[in-house]
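With mmCIF, C-alpha atoms inside, this is upload.cif:
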```cif
data_data
loop_
_atom_site.label_atom_id
_atom_site.label_comp_id
_atom_site.auth_asym_id
_atom_site.auth_seq_id
_atom_site.Cartn_x
_atom_site.Cartn_y
_atom_site.Cartn_z
CA MET A 964 -5.34 -30.98 -29.63
CA ALA A 965 -5.40 -28.36 -26.91
CA SER A 966 -2.44 -28.19 -24.58
CA LYS A 967 -2.84 -28.87 -20.89
CA ALA A 968 -2.48 -25.15 -20.24
CA ASP A 969 -5.25 -24.39 -22.73
CA GLN A 970 -7.49 -27.01 -21.18
CA GLN A 971 -6.79 -25.63 -17.71
CA GLN A 972 -7.61 -22.11 -18.87
CA ASP A 973 -10.89 -23.31 -20.36
CA VAL A 974 -11.87 -24.96 -17.10
CA GLU A 975 -10.83 -22.18 -14.75
CA GLN A 976 -12.04 -19.13 -16.60
CA LEU A 977 -15.42 -18.32 -15.09
CA ARG A 978 -17.77 -15.67 -16.41
CA LEU A 979 -21.02 -14.05 -15.41
CA ALA A 980 -22.77 -11.45 -17.53
CA ILE A 981 -25.44 -9.30 -15.90
CA PRO A 982 -27.79 -6.65 -17.23
CA ALA A 983 -26.59 -3.16 -16.28
CA GLU A 984 -29.25 -2.72 -13.61
CA ALA A 985 -28.83 -2.20 -9.89
CA GLY A 986 -30.97 -5.22 -9.05
CA TYR A 987 -28.41 -7.60 -10.53
CA ILE A 988 -25.41 -6.35 -8.55
CA ALA A 989 -26.24 -8.64 -5.65
CA MET A 990 -26.09 -11.58 -8.08
CA ALA A 991 -22.59 -10.57 -9.21
CA ARG A 992 -21.57 -10.20 -5.58
CA MET A 993 -22.83 -13.67 -4.70
CA PHE A 994 -21.10 -15.16 -7.75
CA ALA A 995 -17.78 -13.53 -6.82
CA GLY A 996 -18.10 -14.62 -3.20
CA SER A 997 -18.87 -18.18 -4.25
CA VAL A 998 -15.88 -18.27 -6.60
CA ALA A 999 -13.53 -16.90 -3.94
CA ARG A 1000 -14.87 -19.40 -1.40
CA HIS A 1001 -14.53 -22.24 -3.89
CA TYR A 1002 -10.88 -21.36 -4.47
CA GLY A 1003 -10.20 -21.50 -0.73
CA CYS A 1004 -9.93 -17.81 0.10
CA ASP A 1005 -10.25 -16.83 3.75
CA GLU A 1006 -13.71 -15.65 4.74
CA ASP A 1007 -12.39 -12.10 5.30
CA VAL A 1008 -11.01 -12.11 1.75
CA VAL A 1009 -14.33 -13.44 0.45
CA GLU A 1010 -16.08 -10.45 2.05
CA ASP A 1011 -13.51 -8.04 0.58
CA VAL A 1012 -14.00 -9.56 -2.87
CA LYS A 1013 -17.76 -9.08 -2.55
CA VAL A 1014 -17.32 -5.41 -1.61
CA ALA A 1015 -14.88 -4.77 -4.47
CA VAL A 1016 -17.09 -6.47 -7.05
CA SER A 1017 -20.14 -4.62 -5.78
CA GLU A 1018 -18.34 -1.29 -6.04
CA ALA A 1019 -17.08 -2.01 -9.53
CA CYS A 1020 -20.51 -3.16 -10.72
CA THR A 1021 -22.19 -0.13 -9.15
CA ASN A 1022 -19.87 2.15 -11.11
CA SER A 1023 -20.47 0.11 -14.26
CA VAL A 1024 -24.24 0.35 -13.90
CA LYS A 1025 -23.93 4.13 -13.53
CA ALA A 1026 -21.58 4.32 -16.53
CA HIS A 1027 -23.95 2.29 -18.71
CA ARG A 1028 -26.88 4.43 -17.61
CA GLU A 1029 -25.02 7.65 -18.40
CA SER A 1030 -23.89 6.46 -21.81
CA GLY A 1031 -27.21 4.85 -22.66
CA THR A 1032 -25.69 1.49 -23.56
CA THR A 1033 -27.78 -1.64 -23.09
CA GLU A 1034 -24.89 -4.12 -23.19
CA GLN A 1035 -24.20 -6.40 -20.28
CA ILE A 1036 -21.52 -6.08 -17.64
CA GLU A 1037 -19.16 -9.03 -17.46
CA LEU A 1038 -17.52 -10.47 -14.38
CA ARG A 1039 -14.59 -12.80 -15.04
CA ALA A 1040 -12.59 -14.93 -12.63
CA ARG A 1041 -9.48 -16.92 -13.43
CA GLU A 1042 -7.17 -18.98 -11.24
CA THR A 1043 -3.53 -19.15 -12.28
CA ASN A 1044 -0.78 -20.62 -10.15
CA GLY A 1045 -2.48 -19.77 -6.89
CA ASP A 1046 -3.56 -16.29 -7.95
CA LEU A 1047 -7.26 -15.65 -8.37
CA THR A 1048 -7.88 -12.74 -10.74
CA PHE A 1049 -11.21 -10.94 -10.89
CA GLU A 1050 -12.15 -8.61 -13.74
CA ILE A 1051 -15.24 -6.47 -14.07
CA VAL A 1052 -15.60 -5.24 -17.64
CA ASP A 1053 -18.18 -2.74 -18.77
CA SER A 1054 -19.03 -0.91 -21.99
CA GLY A 1055 -19.82 2.47 -20.51
CA LYS A 1056 -18.23 5.79 -21.29
CA GLY A 1057 -14.91 4.76 -19.74
CA ILE A 1058 -13.27 6.12 -16.64
CA ASP A 1059 -12.14 9.73 -16.80
CA THR A 1060 -8.37 9.79 -17.44
CA GLU A 1061 -7.70 12.20 -14.59
CA MET A 1062 -9.74 10.07 -12.19
CA GLN A 1063 -7.98 6.92 -13.40
CA THR A 1064 -4.58 8.44 -12.61
CA ALA A 1065 -5.71 9.74 -9.22
CA VAL A 1066 -7.20 6.42 -8.15
CA ASN A 1067 -4.33 4.26 -9.39
CA GLU A 1068 -1.76 6.57 -7.79
CA GLY A 1069 -3.72 6.63 -4.55
CA SER A 1070 -4.19 10.40 -4.50
CA ALA A 1071 -7.99 10.14 -4.58
CA THR A 1072 -8.79 9.84 -0.89
CA PRO A 1073 -11.93 8.23 0.51
CA ALA A 1074 -12.85 11.51 2.19
CA ALA A 1075 -12.67 13.34 -1.15
CA GLY A 1076 -14.47 10.48 -2.82
CA LEU A 1077 -17.51 10.88 -0.62
CA TYR A 1078 -18.32 14.04 -2.45
CA GLU A 1079 -16.81 13.34 -5.84
CA GLY A 1080 -18.19 9.92 -6.60
CA SER A 1081 -14.87 8.07 -6.52
CA LEU A 1082 -15.31 6.43 -3.13
CA GLY A 1083 -16.11 3.09 -4.73
CA LEU A 1084 -12.84 2.99 -6.64
CA THR A 1085 -10.76 4.16 -3.71
CA LEU A 1086 -12.46 1.55 -1.56
CA ILE A 1087 -11.43 -1.12 -4.05
CA ARG A 1088 -7.86 0.18 -3.95
CA SER A 1089 -7.96 0.22 -0.14
CA LEU A 1090 -9.05 -3.41 -0.06
CA PHE A 1091 -6.71 -4.49 -2.85
CA PRO A 1092 -3.78 -2.05 -3.22
CA GLY A 1093 -2.68 -3.75 -6.44
CA ALA A 1094 -6.06 -3.26 -8.10
CA ASP A 1095 -5.94 -1.73 -11.55
CA ILE A 1096 -8.69 0.48 -12.94
CA SER A 1097 -8.24 1.12 -16.64
CA ARG A 1098 -10.07 2.64 -19.54
CA ASN A 1099 -10.55 -0.01 -22.24
CA LEU A 1100 -9.00 0.50 -25.67
CA ASP A 1101 -12.35 0.51 -27.43
CA ARG A 1102 -14.73 1.75 -24.75
CA GLY A 1103 -15.70 1.08 -21.18
CA THR A 1104 -13.67 0.37 -18.07
CA THR A 1105 -12.02 -2.72 -16.62
CA VAL A 1106 -11.42 -3.15 -12.90
CA ARG A 1107 -8.94 -5.92 -12.15
CA PHE A 1108 -7.68 -7.24 -8.83
CA VAL A 1109 -5.91 -10.36 -7.67
CA VAL A 1110 -6.27 -12.36 -4.46
CA ALA A 1111 -4.34 -15.34 -3.22
CA ALA A 1112 -6.27 -18.56 -3.67
CA GLY A 1113 -6.17 -21.12 -0.91
CA GLU A 1114 -6.50 -24.86 -1.11
CA VAL A 1115 -8.65 -25.73 -4.10
CA PRO A 1116 -10.91 -28.77 -3.70
CA ASP A 1117 -10.45 -31.59 -6.21
CA GLU A 1118 -14.13 -31.75 -7.07
CA LEU A 1119 -16.52 -28.85 -7.60
CA GLU A 1120 -19.11 -30.70 -5.53
CA ALA A 1121 -16.82 -30.43 -2.52
CA SER A 1122 -17.41 -26.67 -2.37
CA PRO A 1123 -21.09 -25.78 -2.11
CA LEU A 1124 -22.01 -22.47 -3.65
CA GLY A 1125 -23.67 -19.79 -1.63
CA MET B 672 -27.12 0.58 -4.39
CA PHE B 673 -30.39 -1.33 -4.39
CA THR B 674 -31.65 -0.60 -0.87
CA ALA B 675 -29.85 2.68 -0.20
CA PRO B 676 -32.62 4.84 -1.75
CA LYS B 677 -35.08 3.48 0.83
CA LEU B 678 -32.73 4.40 3.64
CA ARG B 679 -32.12 7.85 2.14
CA GLU B 680 -35.85 8.43 1.86
CA ARG B 681 -36.40 7.40 5.49
CA LEU B 682 -33.58 9.62 6.76
CA VAL B 683 -34.87 12.64 4.85
CA GLU B 684 -38.38 11.98 6.12
CA THR B 685 -37.19 11.69 9.72
CA VAL B 686 -35.22 14.95 9.57
CA ASP B 687 -38.14 16.69 7.88
CA GLN B 688 -40.28 15.62 10.84
CA GLY B 689 -37.92 17.53 13.12
CA ARG B 690 -36.14 14.50 14.56
CA TYR B 691 -32.42 15.15 14.72
CA GLN B 692 -31.20 12.47 17.14
CA ILE B 693 -31.18 9.44 14.86
CA ILE B 694 -30.06 5.88 15.50
CA VAL B 695 -29.70 3.66 12.42
CA ASN B 696 -29.97 0.00 13.35
CA LEU B 697 -27.74 -1.98 10.98
CA GLN B 698 -28.10 -5.26 12.85
CA GLY B 699 -29.92 -6.87 9.93
CA VAL B 700 -27.38 -5.58 7.42
CA SER B 701 -24.69 -8.06 6.43
CA PHE B 702 -23.27 -6.07 3.52
CA MET B 703 -22.64 -2.42 2.80
CA ASP B 704 -20.83 -0.65 -0.02
CA SER B 705 -20.05 2.98 -0.80
CA THR B 706 -23.62 3.72 -1.84
CA GLY B 707 -24.83 2.83 1.64
CA LEU B 708 -21.96 4.74 3.22
CA GLY B 709 -22.77 7.79 1.12
CA THR B 710 -26.38 7.60 2.24
CA LEU B 711 -25.34 7.50 5.90
CA VAL B 712 -22.99 10.46 5.38
CA GLY B 713 -25.83 12.34 3.69
CA GLY B 714 -28.03 11.65 6.71
CA LEU B 715 -25.28 12.80 9.04
CA LYS B 716 -24.90 16.08 7.14
CA ARG B 717 -28.65 16.67 7.41
CA VAL B 718 -28.81 16.16 11.20
CA LYS B 719 -25.60 18.19 11.72
CA GLU B 720 -27.34 21.16 10.14
CA HIS B 721 -29.65 20.99 13.16
CA GLU B 722 -26.87 20.14 15.64
CA GLY B 723 -28.19 16.58 15.79
CA THR B 724 -26.47 13.20 15.87
CA LEU B 725 -26.60 10.04 13.81
CA SER B 726 -25.44 6.87 15.55
CA LEU B 727 -25.10 3.37 14.17
CA VAL B 728 -25.91 0.05 15.75
CA CYS B 729 -23.74 -2.56 14.13
CA SER B 730 -21.87 -5.73 14.99
CA SER B 731 -21.48 -7.18 11.49
CA ARG B 732 -17.78 -7.71 10.85
CA PRO B 733 -17.91 -7.00 7.08
CA VAL B 734 -19.85 -3.77 7.63
CA LEU B 735 -17.54 -2.68 10.45
CA ARG B 736 -14.56 -3.39 8.20
CA VAL B 737 -15.87 -1.11 5.45
CA LEU B 738 -16.58 1.61 8.01
CA SER B 739 -13.05 1.21 9.34
CA ILE B 740 -11.33 1.23 5.93
CA THR B 741 -13.05 4.47 4.99
CA GLY B 742 -12.37 6.05 8.37
CA LEU B 743 -16.08 6.51 8.98
CA ASN B 744 -15.83 4.57 12.24
CA ASN B 745 -14.34 7.82 13.58
CA VAL B 746 -17.21 9.88 12.21
CA PHE B 747 -20.21 7.87 13.40
CA PRO B 748 -20.72 6.75 17.01
CA ILE B 749 -21.06 2.95 16.68
CA HIS B 750 -22.76 0.77 19.27
CA GLU B 751 -23.37 -2.96 19.57
CA THR B 752 -26.99 -2.66 20.68
CA VAL B 753 -29.86 -0.20 20.30
CA GLU B 754 -30.02 0.05 24.11
CA GLN B 755 -26.40 1.19 24.25
CA ALA B 756 -27.02 3.71 21.51
CA ILE B 757 -30.04 5.14 23.32
CA ALA B 758 -28.13 5.28 26.60
CA SER B 759 -25.30 7.28 25.09
CA SER B 760 -27.44 9.70 23.10
#
```
What would the structure in this file look like if it were written as structure tokens?
Amino acid sequence: MASKADQQQDVEQLRLAIPAEAGYIAMARMFAGSVARHYGCDEDVVEDVKVAVSEACTNSVKAHRESGTTEQIELRARETNGDLTFEIVDSGKGIDTEMQTAVNEGSATPAAGLYEGSLGLTLIRSLFPGADISRNLDRGTTVRFVVAAGEVPDELEASPLG
Amino acid sequence: MFTAPKLRERLVETVDQGRYQIIVNLQGVSFMDSTGLGTLVGGLKRVKEHEGTLSLVCSSRPVLRVLSITGLNNVFPIHETVEQAIASS
């Protein structure tokens, strides 16, 4: 029999997989916004989540295109003790190690990013300073950031999506 | 990422027609990411080559926030209405 913690994890782990095509990024953005809204995030935070997810997915689509992979990009959301964690996981070529260090240490500036293609990642870090951008062990990149959830409604129906 | 190519195409076309005082009306835009920002910066670089200007009309809070976070609110003149943008150009 699954423990209460296991059951809770099953219920609160949300996933959306999208084809690695630009036309589906808006869908991921809407999904992320709906999840953040459902978990009681402020509307400003909801907008920030949408921007961060859009940036991450945009990079993932480019990475998949460059590496020729046809796998899907996965967006995961999980609420744990008032923290709402978002993960965008792709199967592309993986973030360049030097870029990963620069972005995570904050030395990749938005101004530099405009011309070097890292603006999306620095924008994510600007919105969520604790965001982590990591090369996966096998392949691809994972972008992870955490926001504070607000008051969560008892019933899903109480929080209309959209 | 999805609509930015259309904007880029329109900006290039406008500059190619010899129009270097450009106002981009973002009033119908509720969301913008770095792809859109990069397109606007590209347009700005093109008009600057001809000593032109590129102004934005925008009152959307999420869009203004992204412009602010990236510091681009100090790069582009931003107005609340098209009339104000025309008056100041």
Against chain B, which residues of chain A fall within 8 Å? For each one I want the closest pair of atoms and the distance in Å (one decimal), counting only C-alpha atoms, rows by chain and increasing residue number, as CSV.
```
residue,atom,partner,partner_atom,distance
A:Ala985,CA,B:Phe673,CA,5.8
A:Gly986,CA,B:Phe673,CA,6.1
A:Asp1007,CA,B:Pro733,CA,7.7
A:Glu1010,CA,B:Pro733,CA,6.4
A:Asp1011,CA,B:Pro733,CA,7.9
A:Val1014,CA,B:Asp704,CA,6.1
A:Ser1017,CA,B:Asp704,CA,7.0
A:Glu1018,CA,B:Asp704,CA,6.5
A:Thr1021,CA,B:Met672,CA,6.9
A:Pro1073,CA,B:Thr741,CA,6.0
A:Ala1074,CA,B:Thr741,CA,7.6
A:Leu1077,CA,B:Gly709,CA,6.3
A:Leu1082,CA,B:Ser705,CA,6.3
A:Gly1083,CA,B:Ser705,CA,5.6
A:Leu1086,CA,B:Thr741,CA,7.2
A:Ser1089,CA,B:Ile740,CA,7.0
A:Leu1090,CA,B:Ile740,CA,7.9
```
Selection near Gly723 in chain B, 10 Å with all atoms listed in the file, sequence-local residues under 2 positions removed, as a ChimeraX atom specification
/B:686,690-693,715-721,725
Find the distance between CA of Ala1026 in chain A and CA of Thr1048 in chain A and write it in Å to one decimal.
22.6 Å
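Separating CA of Cys1020 in chain A from CA of Ile988 in chain A is a distance of 6.2 Å.
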Here's the selection I'm unsure about, the PyMOL selection byres ((chain A and resi 1101) around 12); applied to the file above, which residues does it give, as an mmCIF file with C-alpha atoms, in the frame of the given file?
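Generated file (expr.cif):
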```
data_model
loop_
_atom_site.group_PDB
_atom_site.id
_atom_site.type_symbol
_atom_site.label_atom_id
_atom_site.label_comp_id
_atom_site.auth_asym_id
_atom_site.auth_seq_id
_atom_site.Cartn_x
_atom_site.Cartn_y
_atom_site.Cartn_z
ATOM 1 C CA VAL A 1052 -15.600 -5.240 -17.640
ATOM 2 C CA ASP A 1053 -18.180 -2.740 -18.770
ATOM 3 C CA SER A 1054 -19.030 -0.910 -21.990
ATOM 4 C CA GLY A 1055 -19.820 2.470 -20.510
ATOM 5 C CA LYS A 1056 -18.230 5.790 -21.290
ATOM 6 C CA GLY A 1057 -14.910 4.760 -19.740
ATOM 7 C CA SER A 1097 -8.240 1.120 -16.640
ATOM 8 C CA ARG A 1098 -10.070 2.640 -19.540
ATOM 9 C CA ASN A 1099 -10.550 -0.010 -22.240
ATOM 10 C CA LEU A 1100 -9.000 0.500 -25.670
ATOM 11 C CA ARG A 1102 -14.730 1.750 -24.750
ATOM 12 C CA GLY A 1103 -15.700 1.080 -21.180
ATOM 13 C CA THR A 1104 -13.670 0.370 -18.070
ATOM 14 C CA THR A 1105 -12.020 -2.720 -16.620
#
```
For Gln1063 in chain A, which residue out of A:Thr1085, A:Val1024, A:Glu975, A:Met990 is the nearest one, using all atoms listed in the file?
A:Thr1085
Selection result for the PyMOL selection byres ((chain B and resi 747) around 8) on this file, as a PyMOL selection string
chain B and resi 725-727+743-746+748-749
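A straight line drawn from CA of Thr724 in chain B to CA of Thr752 in chain B is 16.6 Å long.
Using all atoms listed in the file, the contacts of Val753 in chain B at a cut-off of 8 Å, with sequence neighbours closer than 5 positions omitted, comprise Ile694, Asn696 and Val728 of chain B.
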Let me see the file: selected residues, C-alpha atoms, as a CSV table (one decimal), keeping the file's coordinate frame.
```csv
chain,number,residue,atom,x,y,z
B,694,ILE,CA,-30.1,5.9,15.5
B,696,ASN,CA,-30.0,0.0,13.4
B,728,VAL,CA,-25.9,0.0,15.8
```
Report as a PyMOL selection string the full result of the PyMOL selection byres ((chain B and resi 678) around 10) when it is applied to this structure.
chain B and resi 674-677+679-684+695+707+710-711+714
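Residues with any atom within 8 Å of Glu751 in chain B, counting only C-alpha atoms and excluding same-chain neighbours fewer than 5 positions away, are B:Val728, B:Cys729, B:Ser730, B:Ala756.
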Taking 3 positions as the minimum chain separation for residues in the same chain, which residues sit within 12 Å of range 994-1006 of chain A when counting only C-alpha atoms? Answer as a PDB file with C-alpha atoms, keeping the file's coordinate frame.
```
ATOM      1  CA  GLU A 975     -10.830 -22.180 -14.750  1.00  0.00           C
ATOM      2  CA  GLN A 976     -12.040 -19.130 -16.600  1.00  0.00           C
ATOM      3  CA  LEU A 977     -15.420 -18.320 -15.090  1.00  0.00           C
ATOM      4  CA  ARG A 978     -17.770 -15.670 -16.410  1.00  0.00           C
ATOM      5  CA  LEU A 979     -21.020 -14.050 -15.410  1.00  0.00           C
ATOM      6  CA  ALA A 980     -22.770 -11.450 -17.530  1.00  0.00           C
ATOM      7  CA  ILE A 981     -25.440  -9.300 -15.900  1.00  0.00           C
ATOM      8  CA  TYR A 987     -28.410  -7.600 -10.530  1.00  0.00           C
ATOM      9  CA  ILE A 988     -25.410  -6.350  -8.550  1.00  0.00           C
ATOM     10  CA  ALA A 989     -26.240  -8.640  -5.650  1.00  0.00           C
ATOM     11  CA  MET A 990     -26.090 -11.580  -8.080  1.00  0.00           C
ATOM     12  CA  ALA A 991     -22.590 -10.570  -9.210  1.00  0.00           C
ATOM     13  CA  VAL A1009     -14.330 -13.440   0.450  1.00  0.00           C
ATOM     14  CA  GLU A1010     -16.080 -10.450   2.050  1.00  0.00           C
ATOM     15  CA  ASP A1011     -13.510  -8.040   0.580  1.00  0.00           C
ATOM     16  CA  VAL A1012     -14.000  -9.560  -2.870  1.00  0.00           C
ATOM     17  CA  LYS A1013     -17.760  -9.080  -2.550  1.00  0.00           C
ATOM     18  CA  VAL A1014     -17.320  -5.410  -1.610  1.00  0.00           C
ATOM     19  CA  ALA A1015     -14.880  -4.770  -4.470  1.00  0.00           C
ATOM     20  CA  VAL A1016     -17.090  -6.470  -7.050  1.00  0.00           C
ATOM     21  CA  SER A1017     -20.140  -4.620  -5.780  1.00  0.00           C
ATOM     22  CA  ALA A1019     -17.080  -2.010  -9.530  1.00  0.00           C
ATOM     23  CA  CYS A1020     -20.510  -3.160 -10.720  1.00  0.00           C
ATOM     24  CA  GLU A1037     -19.160  -9.030 -17.460  1.00  0.00           C
ATOM     25  CA  LEU A1038     -17.520 -10.470 -14.380  1.00  0.00           C
ATOM     26  CA  ARG A1039     -14.590 -12.800 -15.040  1.00  0.00           C
ATOM     27  CA  ALA A1040     -12.590 -14.930 -12.630  1.00  0.00           C
ATOM     28  CA  ARG A1041      -9.480 -16.920 -13.430  1.00  0.00           C
ATOM     29  CA  GLU A1042      -7.170 -18.980 -11.240  1.00  0.00           C
ATOM     30  CA  THR A1043      -3.530 -19.150 -12.280  1.00  0.00           C
ATOM     31  CA  ASN A1044      -0.780 -20.620 -10.150  1.00  0.00           C
ATOM     32  CA  GLY A1045      -2.480 -19.770  -6.890  1.00  0.00           C
ATOM     33  CA  ASP A1046      -3.560 -16.290  -7.950  1.00  0.00           C
ATOM     34  CA  LEU A1047      -7.260 -15.650  -8.370  1.00  0.00           C
ATOM     35  CA  THR A1048      -7.880 -12.740 -10.740  1.00  0.00           C
ATOM     36  CA  PHE A1049     -11.210 -10.940 -10.890  1.00  0.00           C
ATOM     37  CA  GLU A1050     -12.150  -8.610 -13.740  1.00  0.00           C
ATOM     38  CA  ILE A1051     -15.240  -6.470 -14.070  1.00  0.00           C
ATOM     39  CA  VAL A1109      -5.910 -10.360  -7.670  1.00  0.00           C
ATOM     40  CA  VAL A1110      -6.270 -12.360  -4.460  1.00  0.00           C
ATOM     41  CA  ALA A1111      -4.340 -15.340  -3.220  1.00  0.00           C
ATOM     42  CA  ALA A1112      -6.270 -18.560  -3.670  1.00  0.00           C
ATOM     43  CA  GLY A1113      -6.170 -21.120  -0.910  1.00  0.00           C
ATOM     44  CA  GLU A1114      -6.500 -24.860  -1.110  1.00  0.00           C
ATOM     45  CA  VAL A1115      -8.650 -25.730  -4.100  1.00  0.00           C
ATOM     46  CA  PRO A1116     -10.910 -28.770  -3.700  1.00  0.00           C
ATOM     47  CA  ASP A1117     -10.450 -31.590  -6.210  1.00  0.00           C
ATOM     48  CA  GLU A1118     -14.130 -31.750  -7.070  1.00  0.00           C
ATOM     49  CA  LEU A1119     -16.520 -28.850  -7.600  1.00  0.00           C
ATOM     50  CA  GLU A1120     -19.110 -30.700  -5.530  1.00  0.00           C
ATOM     51  CA  ALA A1121     -16.820 -30.430  -2.520  1.00  0.00           C
ATOM     52  CA  SER A1122     -17.410 -26.670  -2.370  1.00  0.00           C
ATOM     53  CA  PRO A1123     -21.090 -25.780  -2.110  1.00  0.00           C
ATOM     54  CA  LEU A1124     -22.010 -22.470  -3.650  1.00  0.00           C
ATOM     55  CA  GLY A1125     -23.670 -19.790  -1.630  1.00  0.00           C
TER      56      GLY A1125
ATOM     57  CA  ARG B 732     -17.780  -7.710  10.850  1.00  0.00           C
ATOM     58  CA  PRO B 733     -17.910  -7.000   7.080  1.00  0.00           C
TER      59      PRO B 733
END
```
